[in-house]
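Have a look at the structure below, then the notes.
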Amino acid sequence: MSSIPVSSLASAVPGGVQTPTDTAAARTRGLVKTYGRGPAEVRALDGVDLTIERARLTAIMGPSGSGKSTLMHCLAGLDSPTSGEVEVAGTGLGDLDDNALTRFRREHVGFVFQAFNLLPTLTARHNILLPLDLAGREPDWRRFDTLIEVLGLADRLSHRPSELSGGQQQRVAIARALLSSPDVVFADEPTGNLDSRSSAEVLDFLRRSVDELAQTVVMVTHEPTAAAYADRVLLLRDGRLAGTLERPTAEDVVTAIAGLDA
């Protein structure tokens, strides 16, 4: 991918990169999520208190069944907690009805999934623009052009997903997630279906979107090499926050995960 100067990316944000007054992009307090009842009850989240800081890449890791995907779904408003509070961009999600929550996600949250979630009948361009089209919002064409250039998609905009490689499809999904300048982008195993080269390209751009666009990214991953791109790694075990790592190496992550399994 081509290297775009910091100033070019920053200028694609209205007013340039700004320092927000509130450093928290999202918070949880006493977050509990259970499935089932009685003896069959599973406590996927067990009183999680955390703060996701703005303009940082936060990775969520833990053993299988630790609650990392459930935590992301509750943070993103895709699932409702059993109890506790979730706040995103200063809004308590528990205060919103279904329609208001749908609007909130559309206006404030971006998503990048392992399965890409592109519509097969639409071109790359139309897939990128789809959320704004559905919301009846005019795209920021300057930001669109910048994202397309940085992600190397200029010659792929007329292609349908079946005509794109996995890495190209994920870059389309990232452009779609970032175009609306969301408060938080949630990335659920974004490199899970990619080869090592495509994974590195996708992770590099997520990292640059934080450093150069002041984007907030929360990423669930099981890959230590992916987590090493993060500013902060949240470690979960049995539905509880078991520790954090700041600017870790892949080796730091491997050691920490091994400690959780011990």
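Starting from 1 in every chain, residues are counted up; chains themselves are A, B, ... following the order of the structure tokens, and ligands are numbered from 1 as listed.
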Those of stretch 1-126 of chain A in DSSP helix (DSSP H, G or I), formatted as a VMD selection string = chain A and resid 6 to 10 38 to 40 68 to 75 93 to 95 98 to 108 124 to 126
Problem set entry | Residue neighbourhood A:Leu101, 8 Å, only C-alpha atoms, exclusion window fewer than 5 positions, as JSON, numbers by chain | {"A": [77, 93, 96]}
What does the distance between atom CA of A:Ile52 and atom CA of A:Thr28 come to in Å, to one decimal place?
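Straight-line distance from atom CA of A:Ile52 to atom CA of A:Thr28 works out to 8.8 Å.
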message = At a cut-off of 12 Å, using only C-alpha atoms, what residues contact stretch 191-198 of chain A? Leave out same-chain residues fewer than 3 positions from it and give the result as a VMD selection string.
response = chain A and resid 1 112 to 116 151 165 to 171 173 to 174 187 to 188 201 to 206 219 to 227
For N, CA and C atoms, I'd like the residues from the last selection saved as a compact mmCIF listing (two decimals), in the first residue's frame.
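Here's the written file result-v4.txt:
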```txt
# COMPACT_ATOMS: atom_id res chain seq x y z
N MET A 1 0.84 -1.19 0.00
CA MET A 1 0.00 0.00 0.00
C MET A 1 0.87 1.24 0.00
N VAL A 112 -16.23 -3.94 11.41
CA VAL A 112 -15.42 -4.74 10.49
C VAL A 112 -15.47 -6.17 11.02
N PHE A 113 -15.98 -7.09 10.20
CA PHE A 113 -16.16 -8.47 10.64
C PHE A 113 -15.21 -9.41 9.91
N GLN A 114 -15.00 -10.58 10.51
CA GLN A 114 -14.15 -11.60 9.89
C GLN A 114 -14.69 -12.01 8.52
N ALA A 115 -16.03 -12.06 8.39
CA ALA A 115 -16.66 -12.56 7.16
C ALA A 115 -16.90 -11.46 6.12
N PHE A 116 -16.37 -10.26 6.34
CA PHE A 116 -16.43 -9.12 5.43
C PHE A 116 -17.83 -8.50 5.36
N LEU A 151 -6.11 2.91 0.95
CA LEU A 151 -6.38 1.48 0.97
C LEU A 151 -6.10 0.80 -0.37
N SER A 165 -9.87 -10.19 -3.96
CA SER A 165 -9.22 -11.10 -3.03
C SER A 165 -9.77 -10.86 -1.63
N GLY A 166 -9.44 -11.78 -0.71
CA GLY A 166 -9.89 -11.61 0.66
C GLY A 166 -9.39 -10.32 1.27
N GLY A 167 -8.12 -10.00 1.03
CA GLY A 167 -7.57 -8.77 1.57
C GLY A 167 -8.24 -7.54 1.01
N GLN A 168 -8.56 -7.57 -0.29
CA GLN A 168 -9.25 -6.44 -0.91
C GLN A 168 -10.66 -6.29 -0.35
N GLN A 169 -11.34 -7.42 -0.14
CA GLN A 169 -12.68 -7.35 0.44
C GLN A 169 -12.65 -6.74 1.83
N GLN A 170 -11.64 -7.12 2.62
CA GLN A 170 -11.57 -6.57 3.97
C GLN A 170 -11.22 -5.09 3.93
N ARG A 171 -10.43 -4.66 2.96
CA ARG A 171 -10.14 -3.23 2.83
C ARG A 171 -11.39 -2.45 2.43
N ALA A 173 -14.38 -3.33 3.38
CA ALA A 173 -15.14 -3.29 4.62
C ALA A 173 -14.59 -2.21 5.57
N ILE A 174 -13.28 -2.04 5.59
CA ILE A 174 -12.69 -1.00 6.44
C ILE A 174 -13.06 0.39 5.93
N ALA A 187 -13.85 -4.14 15.42
CA ALA A 187 -13.33 -5.10 14.46
C ALA A 187 -13.28 -6.48 15.12
N ASP A 188 -14.10 -7.39 14.63
CA ASP A 188 -14.22 -8.73 15.21
C ASP A 188 -13.41 -9.72 14.38
N GLU A 201 -1.37 -6.00 5.99
CA GLU A 201 -1.86 -4.79 5.34
C GLU A 201 -3.07 -4.22 6.08
N VAL A 202 -4.01 -5.10 6.45
CA VAL A 202 -5.22 -4.66 7.15
C VAL A 202 -4.86 -4.10 8.53
N LEU A 203 -4.01 -4.80 9.26
CA LEU A 203 -3.63 -4.32 10.59
C LEU A 203 -2.84 -3.03 10.52
N ASP A 204 -2.02 -2.88 9.50
CA ASP A 204 -1.26 -1.65 9.32
C ASP A 204 -2.20 -0.48 9.10
N PHE A 205 -3.26 -0.68 8.30
CA PHE A 205 -4.16 0.45 8.09
C PHE A 205 -4.99 0.75 9.32
N LEU A 206 -5.43 -0.26 10.06
CA LEU A 206 -6.15 0.01 11.30
C LEU A 206 -5.26 0.81 12.25
N MET A 219 -10.66 -4.09 18.82
CA MET A 219 -10.48 -5.29 18.01
C MET A 219 -10.44 -6.55 18.88
N VAL A 220 -11.32 -7.50 18.57
CA VAL A 220 -11.23 -8.83 19.16
C VAL A 220 -10.33 -9.67 18.28
N THR A 221 -9.35 -10.33 18.86
CA THR A 221 -8.45 -11.18 18.09
C THR A 221 -7.93 -12.30 18.98
N HIS A 222 -7.55 -13.41 18.35
CA HIS A 222 -6.88 -14.48 19.08
C HIS A 222 -5.42 -14.58 18.65
N GLU A 223 -4.99 -13.66 17.78
CA GLU A 223 -3.65 -13.72 17.21
C GLU A 223 -2.70 -12.74 17.92
N PRO A 224 -1.66 -13.24 18.57
CA PRO A 224 -0.70 -12.36 19.25
C PRO A 224 -0.07 -11.33 18.32
N THR A 225 0.20 -11.70 17.06
CA THR A 225 0.80 -10.74 16.14
C THR A 225 -0.15 -9.59 15.85
N ALA A 226 -1.45 -9.87 15.81
CA ALA A 226 -2.43 -8.81 15.61
C ALA A 226 -2.54 -7.92 16.84
N ALA A 227 -2.55 -8.53 18.01
CA ALA A 227 -2.65 -7.77 19.26
C ALA A 227 -1.45 -6.85 19.45
```
